[in-house]
$ cat final06.txt   # compact mmCIF, C-alpha atoms (C1' of nucleotides) and all ligand atoms
# COMPACT_ATOMS: atom_id res chain seq x y z
CA MET A 1 -0.49 5.48 -64.80
CA LYS A 2 1.25 4.71 -61.56
CA ASN A 3 2.48 1.34 -60.47
CA LEU A 4 -0.16 1.00 -57.77
CA GLU A 5 -2.94 1.88 -60.16
CA ILE A 6 -1.78 -0.80 -62.54
CA ILE A 7 -1.87 -3.38 -59.78
CA LEU A 8 -5.43 -2.45 -58.91
CA GLU A 9 -6.47 -2.50 -62.54
CA ASN A 10 -4.92 -5.92 -63.07
CA ASN A 11 -7.17 -7.19 -60.33
CA GLN A 12 -10.30 -5.49 -61.61
CA ILE A 13 -10.38 -3.06 -58.73
CA LYS A 14 -11.31 0.53 -59.40
CA SER A 15 -8.72 2.89 -58.08
CA THR A 16 -9.63 5.28 -55.27
CA ALA A 17 -7.53 7.37 -52.92
CA MET A 18 -8.05 5.05 -49.99
CA ARG A 19 -7.39 1.91 -51.99
CA LEU A 20 -4.13 3.28 -53.30
CA LEU A 21 -2.97 4.24 -49.82
CA VAL A 22 -3.92 0.91 -48.31
CA LEU A 23 -2.24 -0.99 -51.12
CA GLN A 24 0.89 1.10 -50.78
CA PHE A 25 1.06 0.45 -47.06
CA ILE A 26 0.53 -3.28 -47.43
CA LEU A 27 3.23 -3.45 -50.09
CA SER A 28 5.64 -1.57 -47.85
CA LYS A 29 5.36 -4.16 -45.10
CA LYS A 30 7.10 -7.50 -45.15
CA THR A 31 4.80 -9.02 -42.59
CA ALA A 32 1.06 -9.51 -42.63
CA LEU A 33 -1.17 -6.74 -41.30
CA SER A 34 -4.25 -6.69 -39.13
CA LEU A 35 -7.19 -4.38 -39.60
CA SER A 36 -6.23 -2.56 -36.40
CA GLN A 37 -2.74 -1.96 -37.69
CA LEU A 38 -4.12 -0.42 -40.84
CA GLU A 39 -6.58 1.52 -38.77
CA SER A 40 -3.96 3.03 -36.52
CA TYR A 41 -1.67 3.83 -39.41
CA PHE A 42 -4.39 5.74 -41.23
CA ASP A 43 -5.62 7.33 -38.06
CA ASN A 44 -7.92 9.80 -39.72
CA ALA A 45 -9.52 7.25 -41.99
CA ASP A 46 -12.65 5.36 -41.16
CA ARG A 47 -12.51 1.81 -39.84
CA THR A 48 -15.30 0.62 -42.08
CA THR A 49 -13.75 2.01 -45.19
CA ILE A 50 -10.48 0.25 -44.48
CA TYR A 51 -12.39 -2.89 -43.65
CA ARG A 52 -14.29 -2.81 -46.92
CA THR A 53 -11.20 -1.85 -48.86
CA ILE A 54 -9.33 -4.87 -47.60
CA LYS A 55 -12.36 -7.05 -48.18
CA THR A 56 -12.49 -5.95 -51.78
CA PHE A 57 -8.81 -6.78 -52.10
CA VAL A 58 -9.44 -10.26 -50.73
CA GLU A 59 -12.38 -10.86 -53.04
CA LYS A 60 -10.35 -9.80 -56.04
CA GLU A 61 -7.47 -11.99 -54.88
CA LEU A 62 -5.03 -9.16 -54.53
CA VAL A 63 -4.42 -9.96 -50.89
CA HIS A 64 -5.03 -13.12 -48.92
CA GLN A 65 -6.46 -13.49 -45.49
CA ILE A 66 -4.45 -15.29 -42.84
CA ASP A 67 -5.71 -16.97 -39.72
CA ASP A 68 -2.57 -17.15 -37.64
CA GLY A 69 -4.26 -18.45 -34.52
CA THR A 70 -4.17 -15.16 -32.65
CA GLY A 71 -7.84 -14.58 -33.32
CA ILE A 72 -6.98 -11.50 -35.31
CA THR A 73 -7.22 -11.83 -39.07
CA LYS A 74 -4.10 -10.76 -40.93
CA TYR A 75 -3.76 -9.70 -44.53
CA ALA A 76 -0.86 -9.91 -46.95
CA ILE A 77 -0.35 -9.37 -50.63
CA CYS A 78 -0.84 -12.39 -52.84
CA GLU A 79 1.96 -13.80 -54.88
CA GLU A 80 2.03 -13.03 -58.57
CA ASN A 81 -0.61 -15.11 -60.34
CA CYS A 82 -1.75 -16.60 -57.08
CA HIS A 83 -5.01 -18.43 -56.94
CA CYS A 84 -5.56 -18.77 -53.24
CA GLU A 85 -8.10 -21.50 -53.87
CA ILE A 86 -5.79 -23.99 -55.50
CA GLU A 87 -4.49 -26.30 -52.86
CA ASN A 88 -0.88 -26.85 -53.83
CA ASP A 89 -0.30 -23.15 -54.29
CA LEU A 90 -0.66 -22.54 -50.59
CA HIS A 91 2.33 -21.54 -48.54
CA LEU A 92 2.69 -21.80 -44.81
CA HIS A 93 2.58 -18.97 -42.32
CA PHE A 94 4.76 -18.22 -39.36
CA HIS A 95 3.66 -16.35 -36.27
CA CYS A 96 6.38 -15.10 -33.96
CA THR A 97 5.42 -15.27 -30.32
CA LYS A 98 7.97 -12.60 -29.46
CA CYS A 99 7.40 -9.75 -31.92
CA GLU A 100 3.91 -11.07 -32.68
CA GLU A 101 4.42 -10.59 -36.38
CA THR A 102 3.04 -12.98 -38.95
CA THR A 103 5.11 -13.80 -41.99
CA CYS A 104 4.18 -15.42 -45.29
CA LEU A 105 6.72 -18.10 -46.06
CA THR A 106 5.85 -18.03 -49.73
CA ASP A 107 8.65 -20.39 -50.70
CA TYR A 108 7.54 -22.98 -48.18
CA LYS A 109 4.57 -24.79 -49.60
CA ILE A 110 2.30 -26.97 -47.55
CA PRO A 111 3.29 -30.62 -47.96
CA LYS A 112 0.90 -33.22 -49.28
CA ILE A 113 -1.36 -34.33 -46.46
CA ASN A 114 -2.84 -37.79 -46.20
CA LEU A 115 -6.41 -38.03 -45.04
CA PRO A 116 -8.55 -40.97 -44.00
CA GLU A 117 -10.66 -42.65 -46.68
CA GLY A 118 -13.66 -40.53 -47.59
CA PHE A 119 -12.34 -37.14 -46.56
CA ILE A 120 -11.88 -34.59 -49.33
CA ALA A 121 -9.48 -31.69 -48.82
CA GLU A 122 -10.37 -28.35 -50.32
CA ASN A 123 -8.07 -26.10 -48.40
CA ILE A 124 -5.26 -26.33 -45.91
CA ASN A 125 -4.11 -23.89 -43.29
CA LEU A 126 -0.73 -24.45 -41.70
CA VAL A 127 0.59 -22.03 -39.13
CA VAL A 128 3.86 -22.46 -37.31
CA LYS A 129 4.37 -20.55 -34.09
CA GLY A 130 7.75 -19.81 -32.65
CA ILE A 131 10.59 -17.34 -32.87
CA CYS A 132 11.20 -15.56 -36.14
CA GLU A 133 14.59 -15.00 -37.69
CA LYS A 134 14.73 -11.37 -36.63
CA CYS A 135 13.96 -12.02 -32.96
CA ASN A 136 16.24 -15.02 -32.95
CA ASN A 137 19.16 -12.92 -34.20
CA LEU A 138 18.47 -10.13 -31.74
CA SER A 139 18.48 -12.49 -28.77
CA SER A 140 21.71 -14.18 -29.80
CA ILE A 141 23.76 -10.99 -29.73
CA MET B 142 -16.47 -44.54 -8.17
CA LYS B 143 -17.85 -43.91 -11.62
CA ASN B 144 -15.88 -43.93 -14.80
CA LEU B 145 -16.22 -40.19 -15.28
CA GLU B 146 -15.07 -39.47 -11.77
CA ILE B 147 -11.99 -41.56 -12.31
CA ILE B 148 -11.15 -39.60 -15.43
CA LEU B 149 -11.41 -36.34 -13.56
CA GLU B 150 -9.35 -37.65 -10.68
CA ASN B 151 -6.65 -38.89 -13.03
CA ASN B 152 -6.32 -35.34 -14.27
CA GLN B 153 -6.30 -33.74 -10.84
CA ILE B 154 -9.71 -32.20 -11.34
CA LYS B 155 -12.13 -32.20 -8.46
CA SER B 156 -15.42 -33.70 -9.43
CA THR B 157 -18.53 -31.53 -9.44
CA ALA B 158 -21.97 -32.00 -10.97
CA MET B 159 -21.30 -29.62 -13.84
CA ARG B 160 -17.89 -31.07 -14.59
CA LEU B 161 -19.25 -34.58 -14.79
CA LEU B 162 -22.04 -33.52 -17.12
CA VAL B 163 -19.73 -31.56 -19.39
CA LEU B 164 -17.23 -34.39 -19.53
CA GLN B 165 -19.96 -36.87 -20.31
CA PHE B 166 -21.25 -34.74 -23.14
CA ILE B 167 -17.81 -34.21 -24.64
CA LEU B 168 -17.08 -37.92 -24.47
CA SER B 169 -20.38 -38.71 -26.19
CA LYS B 170 -19.45 -36.61 -29.21
CA LYS B 171 -17.08 -37.74 -31.92
CA THR B 172 -16.45 -34.22 -33.15
CA ALA B 173 -15.06 -31.18 -31.38
CA LEU B 174 -17.43 -28.87 -29.55
CA SER B 175 -17.70 -25.12 -29.23
CA LEU B 176 -18.65 -23.25 -26.10
CA SER B 177 -21.96 -22.29 -27.72
CA GLN B 178 -22.76 -25.90 -28.46
CA LEU B 179 -22.16 -26.82 -24.83
CA GLU B 180 -24.16 -23.80 -23.78
CA SER B 181 -27.19 -24.71 -25.85
CA TYR B 182 -27.05 -28.33 -24.79
CA PHE B 183 -27.06 -27.40 -21.11
CA ASP B 184 -29.61 -24.70 -21.62
CA ASN B 185 -30.27 -24.07 -17.97
CA ALA B 186 -26.62 -23.91 -17.01
CA ASP B 187 -24.60 -20.74 -16.84
CA ARG B 188 -22.34 -19.73 -19.69
CA THR B 189 -19.52 -18.74 -17.38
CA THR B 190 -19.60 -21.96 -15.47
CA ILE B 191 -19.33 -23.97 -18.65
CA TYR B 192 -16.60 -21.66 -19.85
CA ARG B 193 -14.59 -22.11 -16.68
CA THR B 194 -15.27 -25.81 -16.58
CA ILE B 195 -13.85 -26.27 -20.05
CA LYS B 196 -10.95 -23.98 -19.22
CA THR B 197 -10.09 -26.12 -16.23
CA PHE B 198 -10.21 -29.19 -18.46
CA VAL B 199 -7.80 -27.52 -20.88
CA GLU B 200 -5.40 -26.49 -18.13
CA LYS B 201 -5.38 -30.00 -16.73
CA GLU B 202 -4.85 -31.38 -20.22
CA LEU B 203 -8.02 -33.39 -20.23
CA VAL B 204 -9.28 -31.65 -23.35
CA HIS B 205 -7.43 -29.70 -26.00
CA GLN B 206 -8.39 -26.48 -27.64
CA ILE B 207 -8.70 -26.36 -31.42
CA ASP B 208 -8.45 -23.38 -33.69
CA ASP B 209 -10.12 -24.65 -36.83
CA GLY B 210 -10.10 -21.35 -38.64
CA THR B 211 -13.76 -20.60 -38.13
CA GLY B 212 -12.95 -18.11 -35.42
CA ILE B 213 -14.79 -20.25 -32.91
CA THR B 214 -12.65 -22.26 -30.51
CA LYS B 215 -13.49 -25.93 -30.39
CA TYR B 216 -12.71 -28.44 -27.68
CA ALA B 217 -12.12 -32.17 -27.79
CA ILE B 218 -10.94 -34.81 -25.40
CA CYS B 219 -7.20 -35.43 -25.35
CA GLU B 220 -5.74 -38.73 -26.32
CA GLU B 221 -4.59 -41.05 -23.60
CA ASN B 222 -1.29 -39.78 -22.18
CA CYS B 223 -1.37 -36.80 -24.49
CA HIS B 224 0.93 -33.90 -23.84
CA CYS B 225 -0.49 -31.22 -26.08
CA GLU B 226 2.71 -29.26 -25.79
CA ILE B 227 5.06 -31.73 -27.40
CA GLU B 228 5.30 -30.90 -31.03
CA ASN B 229 5.39 -34.29 -32.71
CA ASP B 230 2.47 -35.47 -30.69
CA LEU B 231 0.16 -33.11 -32.50
CA HIS B 232 -2.43 -34.46 -34.84
CA LEU B 233 -4.18 -32.57 -37.58
CA HIS B 234 -7.74 -31.34 -37.58
CA PHE B 235 -10.38 -31.45 -40.25
CA HIS B 236 -13.17 -28.94 -40.62
CA CYS B 237 -16.06 -29.91 -42.86
CA THR B 238 -17.46 -27.00 -44.82
CA LYS B 239 -20.76 -28.81 -45.24
CA CYS B 240 -21.77 -30.02 -41.77
CA GLU B 241 -19.38 -27.53 -40.17
CA GLU B 242 -18.09 -30.13 -37.78
CA THR B 243 -14.48 -30.32 -36.71
CA THR B 244 -12.83 -33.68 -36.30
CA CYS B 245 -9.63 -34.70 -34.57
CA LEU B 246 -7.65 -36.93 -36.89
CA THR B 247 -5.68 -38.36 -34.03
CA ASP B 248 -3.93 -40.93 -36.18
CA TYR B 249 -2.75 -38.31 -38.62
CA LYS B 250 0.21 -36.50 -37.15
CA ILE B 251 1.56 -33.24 -38.47
CA PRO B 252 4.50 -33.89 -40.79
CA LYS B 253 7.92 -32.41 -40.19
CA ILE B 254 7.96 -28.87 -41.52
CA ASN B 255 11.02 -27.18 -42.94
CA LEU B 256 11.55 -23.55 -42.04
CA PRO B 257 13.95 -20.93 -43.35
CA GLU B 258 17.27 -20.53 -41.55
CA GLY B 259 16.81 -18.76 -38.22
CA PHE B 260 13.19 -19.59 -37.58
CA ILE B 261 12.43 -21.74 -34.54
CA ALA B 262 9.20 -23.71 -34.40
CA GLU B 263 7.47 -24.12 -31.07
CA ASN B 264 4.04 -25.16 -32.18
CA ILE B 265 2.21 -26.11 -35.34
CA ASN B 266 -1.43 -25.90 -36.25
CA LEU B 267 -2.64 -27.72 -39.32
CA VAL B 268 -6.27 -27.58 -40.32
CA VAL B 269 -7.65 -29.15 -43.45
CA LYS B 270 -10.95 -27.88 -44.74
CA GLY B 271 -13.18 -29.83 -47.04
CA ILE B 272 -15.85 -32.49 -47.01
CA CYS B 273 -15.87 -35.04 -44.23
CA GLU B 274 -16.45 -38.73 -44.70
CA LYS B 275 -20.04 -38.57 -43.46
CA CYS B 276 -21.08 -35.74 -45.78
CA ASN B 277 -19.20 -37.34 -48.65
CA ASN B 278 -21.11 -40.60 -48.22
CA LEU B 279 -24.43 -38.84 -47.91
CA SER B 280 -23.94 -36.93 -51.13
CA SER B 281 -22.87 -40.00 -53.11
CA ILE B 282 -26.11 -41.91 -52.50
C1' DT C 283 -18.29 -24.27 14.78
C1' DA C 284 -15.20 -21.15 12.49
C1' DA C 285 -11.94 -20.15 8.95
C1' DC C 286 -10.69 -21.06 4.56
C1' DT C 287 -10.77 -22.53 -0.18
C1' DT C 288 -13.21 -23.59 -4.30
C1' DC C 289 -17.12 -23.39 -7.39
C1' DT C 290 -21.05 -21.15 -9.32
C1' DG C 291 -24.22 -17.52 -11.21
C1' DC C 292 -25.20 -13.01 -12.65
C1' DA C 293 -23.80 -8.87 -14.70
C1' DA C 294 -20.82 -6.32 -17.18
C1' DC C 295 -17.13 -5.57 -20.47
C1' DA C 296 -13.74 -5.95 -24.46
C1' DA C 297 -12.27 -6.75 -29.01
C1' DG C 298 -12.93 -7.94 -33.54
C1' DA C 299 -15.91 -8.35 -37.20
C1' DT C 300 -19.90 -6.88 -39.64
C1' DT C 301 -24.19 -4.36 -41.17
C1' DG C 302 -27.69 -0.48 -42.19
C1' DC C 303 -28.28 3.65 -43.93
C1' DA C 304 -27.62 8.22 -45.38
C1' DT C 305 -24.22 11.01 -47.86
C1' DT C 306 -20.85 11.82 -51.29
C1' DA C 307 -18.35 10.70 -55.44
C1' DT C 308 -18.08 8.59 -59.88
C1' DT C 309 -19.83 6.74 -64.12
C1' DT C 310 -23.37 6.12 -67.56
C1' DT C 311 -27.32 7.48 -70.06
C1' DT C 312 -30.31 10.78 -72.10
C1' DA D 313 -24.68 19.39 -69.50
C1' DA D 314 -28.33 17.44 -66.69
C1' DA D 315 -30.41 13.44 -64.90
C1' DA D 316 -30.21 8.77 -63.53
C1' DA D 317 -27.77 4.92 -62.03
C1' DT D 318 -23.97 2.89 -59.71
C1' DA D 319 -20.25 2.66 -56.47
C1' DA D 320 -17.60 4.28 -52.44
C1' DT D 321 -17.44 6.36 -48.00
C1' DG D 322 -18.47 7.70 -43.07
C1' DC D 323 -20.89 7.16 -38.94
C1' DA D 324 -23.50 4.68 -35.71
C1' DA D 325 -25.05 0.55 -34.19
C1' DT D 326 -25.00 -4.38 -33.64
C1' DC D 327 -23.40 -9.27 -33.11
C1' DT D 328 -20.50 -12.83 -31.51
C1' DT D 329 -17.03 -14.77 -28.91
C1' DG D 330 -14.35 -14.58 -25.19
C1' DT D 331 -13.34 -12.83 -20.63
C1' DT D 332 -13.44 -10.68 -15.83
C1' DG D 333 -15.35 -8.88 -11.14
C1' DC D 334 -17.74 -9.92 -7.47
C1' DA D 335 -20.98 -11.86 -4.24
C1' DG D 336 -23.02 -15.89 -2.60
C1' DA D 337 -23.17 -21.14 -2.24
C1' DA D 338 -20.88 -25.33 -1.47
C1' DG D 339 -17.39 -27.97 0.16
C1' DT D 340 -12.95 -28.69 3.14
C1' DT D 341 -9.98 -28.24 6.95
C1' DA D 342 -8.68 -27.03 11.55
MN MN E 1 0.58 -15.71 -46.89
MN MN E 2 -7.67 -32.73 -31.78
ZN ZN E 3 9.68 -12.11 -34.14
ZN ZN E 4 -19.29 -32.93 -42.84
$ encode --input "final06.txt" --output "structure tokens"
Amino acid sequence: MKNLEIILENNQIKSTAMRLLVLQFILSKKTALSLSQLESYFDNADRTTIYRTIKTFVEKELVHQIDDGTGITKYAICEENCHCEIENDLHLHFHCTKCEETTCLTDYKIPKINLPEGFIAENINLVVKGICEKCNNLSSI
Amino acid sequence: MKNLEIILENNQIKSTAMRLLVLQFILSKKTALSLSQLESYFDNADRTTIYRTIKTFVEKELVHQIDDGTGITKYAICEENCHCEIENDLHLHFHCTKCEETTCLTDYKIPKINLPEGFIAENINLVVKGICEKCNNLSSI
DNA sequence: TAACTTCTGCAACAAGATTGCATTATTTTT
DNA sequence: AAAAATAATGCAATCTTGTTGCAGAAGTTA
């Protein structure tokens, strides 16, 4: 059994042609992907199928959904043994305003946030916008 | 000159009937408002007019725009002398998953965030989701 | 008053996300 | 293996939010 198939199986996802392709593509990218990006990469595949494929991945916690503030939902693979729900497991995200790519900074966890009395935190989303390393290096040449 | 008119004037916004009404409504609310909420409150006013009114307010830095992760932009009045642009002036936002209201926690500033070498931060958005004080109190009775 | 600028209202459009439903593929049961 | 049940796919259609074009109304200036 192939590597990709094992990943799907580990997440209780039945393996199909489309799912394997989508997973492979997501794994090949270092930055988070939008539905449109997937759509244009698999240009003969159906939008809905990709949409539902990625939704299945999110439900099974194989990928996580990122709201980077652009209004376009991005998706990226979850870390090993990630439980997206658990607060202190969450990393921050970076959106580059130049290349418009969104990066998971998996080693940069969201700091403890103080809230006013009575507020209960369940989830935190922290997105930093700016210039990513790649664009920064390119412009300094 | 009325209070509301002074506020508009202080922000270099010419006063019109619609602008005064929208401002009054925003000021009367403690939580952030969406365009739809404004629209349904002023049910005989035009969507576009409200849209452009609020956009003018944002441009003139009278209100700030909030991306609370719901996919629906919210608006709330700016703090006195606020310059939404300046990073360390930014406060965090709280979105209640029960009442679905978004609150500005103006006294809770976004902490300093460390980034990997080469990344430059220009802007930070921090949204906490959970149960707000009001809903928390209601459920504990 | 005439020229000009700004605001408003209506219609239309765009993009992203989502659903309904029929068809096809896969798995389970008989 | 055939039938029944379940799951995945493809296509069309819809919804929501946000946005623009344009003509007319209102207000300002010369
Ligand atoms: Mn991530
Ligand atoms: Mn705020
Ligand atoms: Zn970049
Ligand atoms: Zn609440």
$ residues_around --input "final06.txt" --residues "Leu246 (chain B)" --least-positions-apart "3" --cutoff "9 Å" --atoms "only C-alpha atoms (C1' of nucleotides)" --output "count of residues only"
8
$ residues_near_ligand --input "final06.txt" --ligand "ligand ZN 4 (chain E)" --cutoff "6 Å" --atoms "only C-alpha atoms (C1' of nucleotides) and all ligand atoms" --output "short mmCIF file (atom, residue, chain, number, x, y, z; two decimals) with C-alpha atoms, in the coordinates of the input"
data_model
loop_
_atom_site.label_atom_id
_atom_site.label_comp_id
_atom_site.auth_asym_id
_atom_site.auth_seq_id
_atom_site.Cartn_x
_atom_site.Cartn_y
_atom_site.Cartn_z
CA CYS B 237 -16.06 -29.91 -42.86
CA LYS B 239 -20.76 -28.81 -45.24
CA CYS B 240 -21.77 -30.02 -41.77
CA GLU B 242 -18.09 -30.13 -37.78
CA ILE B 272 -15.85 -32.49 -47.01
CA CYS B 273 -15.87 -35.04 -44.23
CA LYS B 275 -20.04 -38.57 -43.46
CA CYS B 276 -21.08 -35.74 -45.78
#
$ residues_around --input "final06.txt" --residues "Ala186 (chain B)" --least-positions-apart "6" --cutoff "12 Å" --atoms "only C-alpha atoms (C1' of nucleotides)" --output "ChimeraX atom specification"
/B:158-160,162-163,177,179-180,192,194 /C:290-292
$ residues_around --input "final06.txt" --residues "region 294-298 of chain C" --least-positions-apart "6" --cutoff "12 Å" --atoms "all atoms listed in the file" --output "number ranges by chain"
A: 34-36, 47, 51, 70-74; B: 212; D: 327-334
$ write_last_selection --input "final06.txt" --atoms "C-alpha atoms (C1' of nucleotides)" --output "tab-separated table (two decimals), in the frame of the given file"
chain	number	residue	atom	x	y	z
A	34	SER	CA	-4.25	-6.69	-39.13
A	35	LEU	CA	-7.19	-4.38	-39.60
A	36	SER	CA	-6.23	-2.56	-36.40
A	47	ARG	CA	-12.51	1.81	-39.84
A	51	TYR	CA	-12.39	-2.89	-43.65
A	70	THR	CA	-4.17	-15.16	-32.65
A	71	GLY	CA	-7.84	-14.58	-33.32
A	72	ILE	CA	-6.98	-11.50	-35.31
A	73	THR	CA	-7.22	-11.83	-39.07
A	74	LYS	CA	-4.10	-10.76	-40.93
B	212	GLY	CA	-12.95	-18.11	-35.42
D	327	DC	C1'	-23.40	-9.27	-33.11
D	328	DT	C1'	-20.50	-12.83	-31.51
D	329	DT	C1'	-17.03	-14.77	-28.91
D	330	DG	C1'	-14.35	-14.58	-25.19
D	331	DT	C1'	-13.34	-12.83	-20.63
D	332	DT	C1'	-13.44	-10.68	-15.83
D	333	DG	C1'	-15.35	-8.88	-11.14
D	334	DC	C1'	-17.74	-9.92	-7.47
$ residues_near_ligand --input "final06.txt" --ligand "ligand MN 1 (chain E)" --cutoff "8 Å" --atoms "only C-alpha atoms (C1' of nucleotides) and all ligand atoms" --output "list in words"
Ala32, His64, Gln65, Ile66, Tyr75, Ala76, Ile77, Cys78, Leu90, His91, Leu92, His93, Thr103, Cys104, Leu105 and Thr106 of chain A
$ atom_distance --input "final06.txt" --atom1 "CA of Ile251 (chain B)" --atom2 "CA of Val199 (chain B)"
20.7 Å
$ closest_residue --input "final06.txt" --among "B:Lys201, B:Phe183, B:Ile261, B:Phe166" --to "ligand ZN 3 (chain E)" --atoms "only C-alpha atoms and all ligand atoms"
B:Ile261
$ atom_distance --input "final06.txt" --atom1 "CA of Thr189 (chain B)" --atom2 "CA of Leu161 (chain B)"
16.1 Å
$ interface_residues --input "final06.txt" --of "chain D" --to "chain A" --cutoff "10 Å" --atoms "all atoms listed in the file" --output "MDAnalysis selection string"
chainID D and resid 319:323
$ atom_distance --input "final06.txt" --atom1 "C1' of DA315 (chain D)" --atom2 "CA of Gln12 (chain A)"
27.8 Å
